[in-house]
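Colleague: For reference, the structure I am asking about is given below.
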Amino acid sequence: MATSATLPARPKGGARSFISRLKGGDEAARLITMAFAASILLVTVALVWQLWQSSSLARAKFGLTFLTTSDWDPVSGVFGSLPFIYGTVLTSALALLIAVPLGVGAAIFLAELATPRISSVFTFFIELLAAVPSVIYGVLGVFTLVPVMRDYVEPFLKKHFGFLPIFSGTILGVGYLTAGTILAIMVLPFIISISREALLEVPSEQREAALALGATRWESTWQAVLPWARLGIFGSIFLALARALGETMAVTMVIGNGLAITPSLFAPGYTIAAVLANEFAEATGDLYPSALVALGLVLFLLTIVINALARVLIIATTRRGSSHP
Amino acid sequence: MTLRNRWRQILSHVMLALTGVCAVVAVSLLFVILGYLVYNGWRSLDWNFFTKLPKSPGETGGGMANAIVGSGEIVALASMLGLPVGFMAGVYLSEFSGKMFGSLIRYTADLLNGVPSIVIGIFAWAVVVHPMKSYSALAGAFALSLILIPITARSTEQFMVSVPQTLREGALALGASKWKTIATVVVPAAYRGIATGMILGVARIAGETAPLLFTSLSNQYWNTSLTQPTASLPYMIFIRALSPYDDWHRQAWAAGMVLLFLVLLSNMAARLILSRGIAVQK
Amino acid sequence: MTMGTANKPSPSSTAGKRAGQPAKLEARNLNFFYGAYQALHDISLEVPAQQITALIGPSGCGKSTFLRTLNRINETIRNTRVEGQVLLDGEDVLQMDVTGLRRRVGMVFQKSNPFPKSIFDNVAYGLKVNGFGGRLSDAVEHSLKRAALWEEVKDKLHKSAYALSGGQQQRLCIARALAVDPEVLLLDEPCSALDPIATAKIEDLLFTLKDQCTIVIVTHNMQQAARVADHTGFFLLGKLIEYNTTEIIFKTPTKQETEDYITGRFG
């Protein structure tokens, strides 16, 4: 056997040093990679702890009134964050109002009607939309969307629906409606891609059963397919909501930085992320930054909760198998 | 056909056509964005843009050279920090982790992934900027690496787990130790997916602005020091767009176009590499 | 095929051993558990050196599980437990350094599993990983010749292993296993995914290899066992029912279950 001469001697029994060295290699590899994995844990814990610490001054001073008062006056040291919470919730709600019908509609088209080829091409482009950086949306928002809102959309709404308080008030172009619109565009890809996957998972028997009973194509989709996929679709909505809540740059650039809480959608507003973006670098003293960090903590908790709900819903869809809940 | 059925058919056609409209609208958004950026940004792109420092508004000939270099610095540093950590964590999750600890890490990684990037910026501010009493490229890179780590970890794990177990057994049966099997068989088998995951992650952080707002901030001049505020492309876009000067608006468009092209090209390249790789493997 | 003979005690585990020669591989009271489920019950068996031993039995009878305990590859599965002993040249493999064990006891798997590397790198892998000091190209050529694959691949050593046919890939895996010069070669249903011609090539290969190597082959194909093996063990429901020279097992089995299986009453 030509090869045995040049292979290292076969380890006969009792090669204990061999054992410990080799075992050490695997054990070392496990420990090293585990350390890196644990660093994720460490960073997250540190993040939460740091947010808590740095906001302690503001929390101690204001307590829960921080969330319920609307007077934000850094100069006099009064910090009530209600305008930001209001704006965050409002813009996110607007975004969903616009994006959900549009997104679920598109998802239905891609999952039910389009040929596989068209579906994958369209999906490719829609997923690219998700990769567009927020600041780019902001640039488009400032230079393209704001004039359109100011010159066409908002006057139209005011003219025909101005009796409603939400469509009354001065038109500036920037404001809640514009911010909500741009957020809608940004969360649209997420709703489409996750809803589409949820719809694709619906077994064809559901569709066929409805059609066999004489339902039209639309009726079978609306009444048989969509309900089956509803968990995944809701999951996508929650995911979109979580993203909308935390979205910073695009919103900051088109929301107008207004502190008043008004029902008008045309009015300038503020969101938690936007005020952080605008004021954090300039915050002087100790209380001011602390208040801002407290806002960050609020945003953090909000997004964690919504994300967790989204994940539960999405996992519930994939785990379901063949039985309908 | 009865009137009612007629109506149901019409409704069906209309609704389904509407869904098609929704899909077309969604896809065309991408092209609208691209179109506007190219149309407005193309004219402002000149040699100066890439080589000169910013000038005061009203002066012509300014550029964003320092922002381009600064972004490059910050993203490179963030990648050096974030990619190895994410990769190793992914290897752990795929090859070594126990059920409970593994789930905990995964859950935490997903959690970190969902944190708004501005909150990550706050954390980086508190941990790096506040003690250092100075904005710095380091702080910006730190913030970006925190975004990169969980996405790299999860995508590395995803691709390593998809390597068939029989390949591992084949290597082990030849006398390879576990870590050698991972390094010489599993990782090479999964490298395509791992690499594209990394490309996508880096493209994502290259476009992030919020975490830089109060970590690396900006700088009018050339800066190579990591401990000084550093200009970055996304930040410049933000500032220029909100300024009152037309000149600077044009620069915002141009910079936006450059940034978008970089991000989209790397995204498309990554996806194409991935799909081609899967075809080859079969 | 055979008439049932009265069950008489058979010289089972010592069958076929040349007088005075110790067994190459021996299992003593081996029990194996997947979690709470016991897959192997008290297996005792001696594999003689430089012969071919076949393990047969219906699906799920534990023959593959048993084979996989011999090179401890079952340890990659979570929650498994072994009780008893497996001895290689008299030494307990469960106490041995596992990577050293696996160099001496090689394995070829049911579905060929070449690495996504070139043909050359596949064969060279075991050598590199174990610290081979000589000329790789010579060693690779030697292995490929032993596996009767050299002529077919010598011009395309740097092509991907996946460019080969199923039968060629399996012979590549054999070459890969042979490269580190193992004392024992374990084959787990190596031909189950192959056509008869490829199967015949591999069976011929086993004959040429047994002079240099002890071979244990698990097969669900009784005719294959009858063709190639010197000794055969029949497994059923995790127990070793009967173990003897192939001739006795197939012509005059002592246990009723063996005879039922051989004559095709089940399995």
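For the structure tokens, the naming scheme is as follows: chains receive sequential letters (A, B, ...) according to their order of presentation, residues are indexed from 1 within each chain, and ligands are indexed from 1 in presentation order.
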Pick out the chain C residues within 7 Å of chain B. Count only C-alpha atoms. Give them as a CSV table (one decimal) with C-alpha atoms, in the first residue's frame.
Modeller:
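File written: out-v1.csv
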```
chain,number,residue,atom,x,y,z
C,73,ILE,CA,-21.3,8.5,13.6
C,99,THR,CA,-11.4,11.2,14.9
C,100,GLY,CA,-8.7,8.6,15.1
C,102,ARG,CA,-12.9,7.2,12.0
C,103,ARG,CA,-9.6,7.2,10.2
C,106,GLY,CA,-14.2,4.4,7.1
C,107,MET,CA,-17.8,4.7,5.9
C,113,ASN,CA,-22.4,12.4,-0.7
C,115,PHE,CA,-18.4,17.4,-1.3
C,116,PRO,CA,-19.2,20.4,-3.6
C,126,GLY,CA,-9.4,12.8,4.1
C,129,VAL,CA,-7.6,16.7,7.1
C,177,ALA,CA,-12.9,6.6,2.1
```
Colleague: Give me the chain C side of the contact with chain A, cut-off 12 Å, one line per residue showing its nearest atom pair and distance in Å at one decimal, counting only C-alpha atoms, sorted by chain and residue number, as JSON lines.
Modeller:
```
{"residue": "C:Leu87", "atom": "CA", "partner": "A:Gly13", "partner_atom": "CA", "distance": 11.1}
{"residue": "C:Leu88", "atom": "CA", "partner": "A:Gly13", "partner_atom": "CA", "distance": 9.6}
{"residue": "C:Asp89", "atom": "CA", "partner": "A:Gly13", "partner_atom": "CA", "distance": 9.6}
{"residue": "C:Gly90", "atom": "CA", "partner": "A:Gly13", "partner_atom": "CA", "distance": 9.7}
{"residue": "C:Glu91", "atom": "CA", "partner": "A:Gly13", "partner_atom": "CA", "distance": 6.9}
{"residue": "C:Asp92", "atom": "CA", "partner": "A:Gly13", "partner_atom": "CA", "distance": 8.8}
{"residue": "C:Val93", "atom": "CA", "partner": "A:Gly13", "partner_atom": "CA", "distance": 9.0}
{"residue": "C:Leu94", "atom": "CA", "partner": "A:Gly13", "partner_atom": "CA", "distance": 11.3}
{"residue": "C:Gln95", "atom": "CA", "partner": "A:Gly13", "partner_atom": "CA", "distance": 9.1}
{"residue": "C:Met96", "atom": "CA", "partner": "A:Gly13", "partner_atom": "CA", "distance": 6.8}
{"residue": "C:Asp97", "atom": "CA", "partner": "A:Ile19", "partner_atom": "CA", "distance": 5.0}
{"residue": "C:Val98", "atom": "CA", "partner": "A:Ile19", "partner_atom": "CA", "distance": 8.0}
{"residue": "C:Thr99", "atom": "CA", "partner": "A:Leu22", "partner_atom": "CA", "distance": 8.0}
{"residue": "C:Gly100", "atom": "CA", "partner": "A:Pro11", "partner_atom": "CA", "distance": 6.0}
{"residue": "C:Leu101", "atom": "CA", "partner": "A:Pro11", "partner_atom": "CA", "distance": 8.2}
{"residue": "C:Arg102", "atom": "CA", "partner": "A:Pro11", "partner_atom": "CA", "distance": 10.7}
{"residue": "C:Arg103", "atom": "CA", "partner": "A:Arg10", "partner_atom": "CA", "distance": 8.0}
{"residue": "C:Arg104", "atom": "CA", "partner": "A:Arg10", "partner_atom": "CA", "distance": 7.5}
{"residue": "C:Val105", "atom": "CA", "partner": "A:Arg10", "partner_atom": "CA", "distance": 11.3}
{"residue": "C:Ala124", "atom": "CA", "partner": "A:Thr3", "partner_atom": "CA", "distance": 11.9}
{"residue": "C:Gly126", "atom": "CA", "partner": "A:Leu7", "partner_atom": "CA", "distance": 10.7}
{"residue": "C:Leu127", "atom": "CA", "partner": "A:Leu7", "partner_atom": "CA", "distance": 7.8}
{"residue": "C:Lys128", "atom": "CA", "partner": "A:Leu7", "partner_atom": "CA", "distance": 9.9}
{"residue": "C:Val129", "atom": "CA", "partner": "A:Leu7", "partner_atom": "CA", "distance": 11.0}
{"residue": "C:Asn130", "atom": "CA", "partner": "A:Pro8", "partner_atom": "CA", "distance": 7.8}
{"residue": "C:Gly131", "atom": "CA", "partner": "A:Pro8", "partner_atom": "CA", "distance": 6.9}
{"residue": "C:Phe132", "atom": "CA", "partner": "A:Leu7", "partner_atom": "CA", "distance": 5.0}
{"residue": "C:Gly133", "atom": "CA", "partner": "A:Thr6", "partner_atom": "CA", "distance": 5.8}
{"residue": "C:Gly134", "atom": "CA", "partner": "A:Thr6", "partner_atom": "CA", "distance": 5.4}
{"residue": "C:Arg135", "atom": "CA", "partner": "A:Thr6", "partner_atom": "CA", "distance": 8.6}
{"residue": "C:Leu136", "atom": "CA", "partner": "A:Thr3", "partner_atom": "CA", "distance": 9.4}
{"residue": "C:Ser137", "atom": "CA", "partner": "A:Thr3", "partner_atom": "CA", "distance": 10.9}
{"residue": "C:Asp138", "atom": "CA", "partner": "A:Thr3", "partner_atom": "CA", "distance": 8.2}
{"residue": "C:Ala139", "atom": "CA", "partner": "A:Thr3", "partner_atom": "CA", "distance": 5.9}
{"residue": "C:Val140", "atom": "CA", "partner": "A:Thr3", "partner_atom": "CA", "distance": 9.3}
{"residue": "C:Glu141", "atom": "CA", "partner": "A:Thr3", "partner_atom": "CA", "distance": 10.4}
{"residue": "C:His142", "atom": "CA", "partner": "A:Ala2", "partner_atom": "CA", "distance": 7.7}
{"residue": "C:Ser143", "atom": "CA", "partner": "A:Thr3", "partner_atom": "CA", "distance": 8.9}
{"residue": "C:Arg146", "atom": "CA", "partner": "A:Met1", "partner_atom": "CA", "distance": 10.3}
{"residue": "C:Leu178", "atom": "CA", "partner": "A:Thr3", "partner_atom": "CA", "distance": 10.2}
{"residue": "C:Ala179", "atom": "CA", "partner": "A:Thr3", "partner_atom": "CA", "distance": 7.9}
{"residue": "C:Val180", "atom": "CA", "partner": "A:Leu7", "partner_atom": "CA", "distance": 7.8}
{"residue": "C:Asp181", "atom": "CA", "partner": "A:Ser4", "partner_atom": "CA", "distance": 6.7}
{"residue": "C:Pro182", "atom": "CA", "partner": "A:Arg10", "partner_atom": "CA", "distance": 9.5}
{"residue": "C:Glu183", "atom": "CA", "partner": "A:Arg10", "partner_atom": "CA", "distance": 10.2}
{"residue": "C:Leu209", "atom": "CA", "partner": "A:Met1", "partner_atom": "CA", "distance": 11.8}
{"residue": "C:Asp211", "atom": "CA", "partner": "A:Met1", "partner_atom": "CA", "distance": 11.6}
{"residue": "C:Gln212", "atom": "CA", "partner": "A:Met1", "partner_atom": "CA", "distance": 8.7}
{"residue": "C:Cys213", "atom": "CA", "partner": "A:Met1", "partner_atom": "CA", "distance": 11.3}
```
Colleague: Next, write the just-selected residues to a file, as a tab-separated table (two decimals), in the first residue's frame, keeping N, CA and C atoms as the atom set.
Modeller:
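That gives us again.tsv:
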```tsv
chain	number	residue	atom	x	y	z
C	87	LEU	N	-15.40	-3.18	20.17
C	87	LEU	CA	-13.95	-3.30	20.26
C	87	LEU	C	-13.33	-3.36	18.87
C	88	LEU	N	-12.30	-2.55	18.67
C	88	LEU	CA	-11.53	-2.59	17.43
C	88	LEU	C	-10.15	-3.11	17.81
C	89	ASP	N	-9.81	-4.30	17.29
C	89	ASP	CA	-8.55	-4.94	17.70
C	89	ASP	C	-8.46	-5.03	19.21
C	90	GLY	N	-9.59	-5.31	19.84
C	90	GLY	CA	-9.58	-5.49	21.29
C	90	GLY	C	-9.70	-4.22	22.09
C	91	GLU	N	-9.70	-3.05	21.44
C	91	GLU	CA	-9.74	-1.81	22.20
C	91	GLU	C	-11.11	-1.17	22.08
C	92	ASP	N	-11.65	-0.66	23.17
C	92	ASP	CA	-13.01	-0.13	23.17
C	92	ASP	C	-13.07	1.19	22.39
C	93	VAL	N	-13.84	1.20	21.32
C	93	VAL	CA	-13.87	2.41	20.49
C	93	VAL	C	-14.57	3.56	21.19
C	94	LEU	N	-15.45	3.21	22.16
C	94	LEU	CA	-16.19	4.27	22.83
C	94	LEU	C	-15.29	5.10	23.73
C	95	GLN	N	-14.13	4.56	24.08
C	95	GLN	CA	-13.19	5.30	24.89
C	95	GLN	C	-12.13	5.98	24.03
C	96	MET	N	-12.09	5.62	22.79
C	96	MET	CA	-11.03	6.08	21.89
C	96	MET	C	-11.29	7.49	21.43
C	97	ASP	N	-10.24	8.13	20.95
C	97	ASP	CA	-10.43	9.42	20.29
C	97	ASP	C	-11.22	9.21	18.99
C	98	VAL	N	-12.31	9.91	18.85
C	98	VAL	CA	-13.25	9.58	17.78
C	98	VAL	C	-12.70	9.86	16.37
C	99	THR	N	-11.91	10.93	16.22
C	99	THR	CA	-11.42	11.20	14.87
C	99	THR	C	-10.38	10.16	14.47
C	100	GLY	N	-9.61	9.67	15.44
C	100	GLY	CA	-8.66	8.60	15.14
C	100	GLY	C	-9.39	7.33	14.75
C	101	LEU	N	-10.48	7.04	15.48
C	101	LEU	CA	-11.29	5.87	15.16
C	101	LEU	C	-11.78	5.94	13.73
C	102	ARG	N	-12.27	7.11	13.35
C	102	ARG	CA	-12.90	7.21	12.04
C	102	ARG	C	-11.88	7.16	10.91
C	103	ARG	N	-10.64	7.39	11.23
C	103	ARG	CA	-9.65	7.20	10.17
C	103	ARG	C	-9.38	5.73	9.95
C	104	ARG	N	-9.53	4.97	11.00
C	104	ARG	CA	-9.27	3.54	10.86
C	104	ARG	C	-10.51	2.80	10.37
C	105	VAL	N	-11.69	3.36	10.66
C	105	VAL	CA	-12.93	2.71	10.25
C	105	VAL	C	-13.67	3.68	9.35
C	124	ALA	N	-8.80	13.82	-1.95
C	124	ALA	CA	-7.70	14.32	-1.13
C	124	ALA	C	-8.15	14.80	0.24
C	126	GLY	N	-9.73	13.60	2.93
C	126	GLY	CA	-9.37	12.85	4.13
C	126	GLY	C	-7.88	12.93	4.41
C	127	LEU	N	-7.10	12.95	3.33
C	127	LEU	CA	-5.65	13.02	3.49
C	127	LEU	C	-5.25	14.36	4.08
C	128	LYS	N	-5.82	15.42	3.55
C	128	LYS	CA	-5.45	16.75	4.03
C	128	LYS	C	-5.85	16.94	5.47
C	129	VAL	N	-7.03	16.47	5.78
C	129	VAL	CA	-7.57	16.71	7.11
C	129	VAL	C	-6.79	15.93	8.16
C	130	ASN	N	-6.20	14.80	7.75
C	130	ASN	CA	-5.45	13.99	8.70
C	130	ASN	C	-3.95	14.26	8.65
C	131	GLY	N	-3.55	15.29	7.93
C	131	GLY	CA	-2.15	15.69	7.97
C	131	GLY	C	-1.23	14.85	7.11
C	132	PHE	N	-1.65	14.58	5.90
C	132	PHE	CA	-0.84	13.76	5.00
C	132	PHE	C	0.41	14.51	4.57
C	133	GLY	N	1.56	13.83	4.59
C	133	GLY	CA	2.80	14.53	4.30
C	133	GLY	C	3.36	14.29	2.91
C	134	GLY	N	2.77	13.36	2.17
C	134	GLY	CA	3.40	12.99	0.90
C	134	GLY	C	2.79	13.71	-0.29
C	135	ARG	N	2.98	13.13	-1.47
C	135	ARG	CA	2.45	13.76	-2.67
C	135	ARG	C	0.98	13.40	-2.84
C	136	LEU	N	0.15	14.42	-2.76
C	136	LEU	CA	-1.29	14.19	-2.83
C	136	LEU	C	-1.69	13.54	-4.15
C	137	SER	N	-1.11	13.99	-5.24
C	137	SER	CA	-1.56	13.49	-6.54
C	137	SER	C	-1.33	11.98	-6.66
C	138	ASP	N	-0.23	11.50	-6.09
C	138	ASP	CA	0.03	10.05	-6.13
C	138	ASP	C	-1.02	9.31	-5.32
C	139	ALA	N	-1.28	9.83	-4.12
C	139	ALA	CA	-2.23	9.16	-3.23
C	139	ALA	C	-3.63	9.16	-3.84
C	140	VAL	N	-3.99	10.27	-4.44
C	140	VAL	CA	-5.32	10.36	-5.06
C	140	VAL	C	-5.43	9.36	-6.20
C	141	GLU	N	-4.39	9.30	-7.01
C	141	GLU	CA	-4.42	8.36	-8.14
C	141	GLU	C	-4.54	6.93	-7.63
C	142	HIS	N	-3.78	6.61	-6.61
C	142	HIS	CA	-3.82	5.26	-6.04
C	142	HIS	C	-5.22	4.91	-5.56
C	143	SER	N	-5.85	5.84	-4.83
C	143	SER	CA	-7.20	5.58	-4.32
C	143	SER	C	-8.19	5.39	-5.44
C	146	ARG	N	-7.80	2.03	-6.85
C	146	ARG	CA	-8.37	1.00	-5.98
C	146	ARG	C	-9.89	0.96	-6.11
C	178	LEU	N	-11.25	5.28	0.95
C	178	LEU	CA	-10.05	4.44	0.89
C	178	LEU	C	-8.77	5.25	1.00
C	179	ALA	N	-8.84	6.54	0.66
C	179	ALA	CA	-7.63	7.36	0.60
C	179	ALA	C	-6.88	7.38	1.93
C	180	VAL	N	-7.63	7.32	3.03
C	180	VAL	CA	-6.93	7.36	4.32
C	180	VAL	C	-6.56	5.96	4.80
C	181	ASP	N	-6.69	4.98	3.89
C	181	ASP	CA	-6.22	3.64	4.18
C	181	ASP	C	-6.85	3.05	5.44
C	182	PRO	N	-8.16	2.94	5.46
C	182	PRO	CA	-8.79	2.43	6.67
C	182	PRO	C	-8.60	0.92	6.82
C	183	GLU	N	-8.66	0.47	8.05
C	183	GLU	CA	-8.55	-0.97	8.30
C	183	GLU	C	-9.89	-1.64	8.07
C	209	LEU	N	-11.16	-5.50	-2.66
C	209	LEU	CA	-10.70	-4.74	-1.50
C	209	LEU	C	-10.54	-5.58	-0.26
C	211	ASP	N	-9.01	-8.11	0.67
C	211	ASP	CA	-7.70	-8.56	1.13
C	211	ASP	C	-7.00	-7.52	1.97
C	212	GLN	N	-7.31	-6.25	1.66
C	212	GLN	CA	-6.58	-5.19	2.37
C	212	GLN	C	-7.39	-4.61	3.52
C	213	CYS	N	-8.64	-4.99	3.60
C	213	CYS	CA	-9.56	-4.19	4.38
C	213	CYS	C	-10.66	-5.11	4.89
```
Colleague: By how many Å are atom CA of B:Ala126 and atom CA of B:Asn113 apart?
Modeller: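 Straight-line distance from atom CA of B:Ala126 to atom CA of B:Asn113 works out to 19.3 Å.
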Colleague: Check the DSSP output for the backbone and give back, as an MDAnalysis selection string, the residues of stretch 24-148 of chain A in helix (DSSP H, G or I).
Modeller: chainID A and resid 24:54 56:62 65:68 82:113 116:131 134:148
Colleague: Can I get the selection written as an mmCIF file, in the first residue's frame, with C-alpha atoms?
Modeller:
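The file below, out34.cif, is the result:
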```cif
data_model
loop_
_atom_site.group_PDB
_atom_site.id
_atom_site.type_symbol
_atom_site.label_atom_id
_atom_site.label_comp_id
_atom_site.auth_asym_id
_atom_site.auth_seq_id
_atom_site.Cartn_x
_atom_site.Cartn_y
_atom_site.Cartn_z
ATOM 1 C CA GLY A 24 -9.914 21.024 22.590
ATOM 2 C CA GLY A 25 -10.284 22.172 18.993
ATOM 3 C CA ASP A 26 -13.962 21.418 18.868
ATOM 4 C CA GLU A 27 -14.607 22.693 22.337
ATOM 5 C CA ALA A 28 -12.698 25.872 21.620
ATOM 6 C CA ALA A 29 -14.666 26.387 18.430
ATOM 7 C CA ARG A 30 -17.906 25.954 20.303
ATOM 8 C CA LEU A 31 -16.899 28.382 23.021
ATOM 9 C CA ILE A 32 -15.615 31.012 20.637
ATOM 10 C CA THR A 33 -18.691 30.992 18.440
ATOM 11 C CA MET A 34 -20.887 30.879 21.509
ATOM 12 C CA ALA A 35 -19.174 33.995 22.814
ATOM 13 C CA PHE A 36 -19.995 35.839 19.612
ATOM 14 C CA ALA A 37 -23.571 34.642 19.729
ATOM 15 C CA ALA A 38 -23.845 35.662 23.354
ATOM 16 C CA SER A 39 -22.643 39.129 22.427
ATOM 17 C CA ILE A 40 -25.956 39.628 20.667
ATOM 18 C CA LEU A 41 -27.653 38.917 23.936
ATOM 19 C CA LEU A 42 -25.258 41.193 25.752
ATOM 20 C CA VAL A 43 -25.767 44.093 23.375
ATOM 21 C CA THR A 44 -29.529 43.859 23.591
ATOM 22 C CA VAL A 45 -29.514 43.766 27.368
ATOM 23 C CA ALA A 46 -27.061 46.660 27.415
ATOM 24 C CA LEU A 47 -29.324 48.588 25.069
ATOM 25 C CA VAL A 48 -32.344 48.212 27.276
ATOM 26 C CA TRP A 49 -30.371 48.977 30.398
ATOM 27 C CA GLN A 50 -28.781 52.069 28.842
ATOM 28 C CA LEU A 51 -32.097 53.416 27.638
ATOM 29 C CA TRP A 52 -33.480 52.944 31.114
ATOM 30 C CA GLN A 53 -30.485 54.570 32.766
ATOM 31 C CA SER A 54 -30.149 57.567 30.505
ATOM 32 C CA SER A 56 -33.958 58.062 34.546
ATOM 33 C CA LEU A 57 -33.720 61.795 35.133
ATOM 34 C CA ALA A 58 -36.728 62.550 32.995
ATOM 35 C CA ARG A 59 -38.704 59.604 34.254
ATOM 36 C CA ALA A 60 -38.069 60.527 37.841
ATOM 37 C CA LYS A 61 -39.078 64.100 37.256
ATOM 38 C CA PHE A 62 -42.214 63.579 35.207
ATOM 39 C CA THR A 65 -47.250 62.736 32.950
ATOM 40 C CA PHE A 66 -44.446 62.530 30.443
ATOM 41 C CA LEU A 67 -46.787 60.593 28.251
ATOM 42 C CA THR A 68 -49.961 62.506 28.937
ATOM 43 C CA LEU A 82 -48.188 63.634 23.844
ATOM 44 C CA PRO A 83 -47.844 65.508 20.522
ATOM 45 C CA PHE A 84 -45.209 63.040 19.412
ATOM 46 C CA ILE A 85 -47.168 59.997 20.465
ATOM 47 C CA TYR A 86 -50.227 61.429 18.755
ATOM 48 C CA GLY A 87 -48.288 62.112 15.578
ATOM 49 C CA THR A 88 -46.629 58.711 15.581
ATOM 50 C CA VAL A 89 -49.914 56.907 15.984
ATOM 51 C CA LEU A 90 -51.712 59.099 13.478
ATOM 52 C CA THR A 91 -49.142 58.855 10.721
ATOM 53 C CA SER A 92 -48.815 55.106 11.194
ATOM 54 C CA ALA A 93 -52.567 54.678 11.090
ATOM 55 C CA LEU A 94 -52.753 56.739 7.909
ATOM 56 C CA ALA A 95 -49.970 54.716 6.392
ATOM 57 C CA LEU A 96 -51.796 51.477 7.080
ATOM 58 C CA LEU A 97 -55.080 52.887 5.834
ATOM 59 C CA ILE A 98 -53.489 53.574 2.484
ATOM 60 C CA ALA A 99 -51.050 50.680 2.279
ATOM 61 C CA VAL A 100 -53.184 47.785 3.448
ATOM 62 C CA PRO A 101 -55.844 47.835 0.713
ATOM 63 C CA LEU A 102 -53.226 48.612 -1.905
ATOM 64 C CA GLY A 103 -50.833 45.987 -0.600
ATOM 65 C CA VAL A 104 -53.303 43.200 -0.012
ATOM 66 C CA GLY A 105 -54.822 43.920 -3.414
ATOM 67 C CA ALA A 106 -51.433 43.652 -5.068
ATOM 68 C CA ALA A 107 -50.688 40.489 -3.106
ATOM 69 C CA ILE A 108 -53.941 38.926 -4.284
ATOM 70 C CA PHE A 109 -53.023 39.724 -7.853
ATOM 71 C CA LEU A 110 -49.556 38.274 -7.492
ATOM 72 C CA ALA A 111 -50.660 35.130 -5.685
ATOM 73 C CA GLU A 112 -53.922 34.333 -7.449
ATOM 74 C CA LEU A 113 -53.989 35.850 -10.871
ATOM 75 C CA PRO A 116 -45.577 32.596 -12.024
ATOM 76 C CA ARG A 117 -43.290 34.522 -14.333
ATOM 77 C CA ILE A 118 -45.027 37.864 -13.895
ATOM 78 C CA SER A 119 -45.421 37.195 -10.204
ATOM 79 C CA SER A 120 -41.724 36.667 -9.637
ATOM 80 C CA VAL A 121 -40.684 39.617 -11.795
ATOM 81 C CA PHE A 122 -43.098 41.916 -9.998
ATOM 82 C CA THR A 123 -42.041 40.559 -6.622
ATOM 83 C CA PHE A 124 -38.397 41.151 -7.505
ATOM 84 C CA PHE A 125 -39.074 44.821 -8.148
ATOM 85 C CA ILE A 126 -41.284 45.233 -5.122
ATOM 86 C CA GLU A 127 -38.598 43.766 -2.911
ATOM 87 C CA LEU A 128 -36.127 46.213 -4.378
ATOM 88 C CA LEU A 129 -38.469 48.935 -3.239
ATOM 89 C CA ALA A 130 -37.894 47.744 0.306
ATOM 90 C CA ALA A 131 -34.178 48.290 -0.118
ATOM 91 C CA SER A 134 -35.269 56.145 3.986
ATOM 92 C CA VAL A 135 -33.467 59.362 3.199
ATOM 93 C CA ILE A 136 -34.113 58.835 -0.514
ATOM 94 C CA TYR A 137 -37.818 58.598 0.214
ATOM 95 C CA GLY A 138 -37.327 61.787 2.149
ATOM 96 C CA VAL A 139 -35.788 63.605 -0.801
ATOM 97 C CA LEU A 140 -38.621 62.510 -3.035
ATOM 98 C CA GLY A 141 -41.050 63.473 -0.353
ATOM 99 C CA VAL A 142 -39.666 66.989 0.008
ATOM 100 C CA PHE A 143 -39.288 67.819 -3.654
ATOM 101 C CA THR A 144 -41.963 65.764 -5.313
ATOM 102 C CA LEU A 145 -44.693 64.695 -2.936
ATOM 103 C CA VAL A 146 -44.999 67.896 -0.927
ATOM 104 C CA PRO A 147 -45.705 70.088 -3.975
ATOM 105 C CA VAL A 148 -48.189 67.536 -5.271
#
```
Colleague: Near B:Pro150, counting only C-alpha atoms, which residues have an atom at most 10 Å away, once you skip same-chain residues fewer than 4 positions from it, shown as a PyMOL selection string?
Modeller: (chain A and resi 37+40) or (chain B and resi 82-83+85-87+89-90+105-106+108-114+145-146+154-156+201)
Colleague: Neighbours of B:Thr196 within 8 Å (only C-alpha atoms; same-chain residues fewer than 6 positions away dropped), as a PDB file with C-alpha atoms, in the first residue's frame?
Modeller:
```pdb
ATOM      1  CA  ALA B 270     -26.670  39.676  -4.533  1.00  0.00           C
ATOM      2  CA  ARG B 271     -29.973  38.194  -5.632  1.00  0.00           C
ATOM      3  CA  ILE B 273     -25.573  35.481  -7.442  1.00  0.00           C
ATOM      4  CA  LEU B 274     -27.834  33.597  -5.111  1.00  0.00           C
TER       5      LEU B 274
END
```
Colleague: Can you work out which one of B:Ala23, B:Ile10, B:Val129, B:Val161 has the shortest atom-to-atom distance to chain A, counting only C-alpha atoms?
Modeller: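 Looking only at the distances to chain A, the closest residue turns out to be B:Ala23.
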Colleague: Given only C-alpha atoms as the basis, pick out the residue of A:Val275, A:Val132, A:Leu241, A:Leu226 nearest to chain B.
Modeller: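 That would be A:Val132, the residue with the smallest distance to chain B.
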Colleague: Please run DSSP on the backbone and report, as a count of residues only, all residues within stretch 51-262 of chain C that come out as strand (DSSP E or B).
Modeller: 45
Colleague: Return the single residue from B:Arg8, B:Arg43, B:Arg192, B:Lys55 that is closest to chain A, with distances computed using only C-alpha atoms.
Modeller: B:Arg8
Colleague: Which residues are close to A:Leu164, i.e. within 12 Å by only C-alpha atoms, leaving aside same-chain residues fewer than 5 positions away? Reply as number ranges by chain.
Modeller: A: 157-159, 169, 263-266
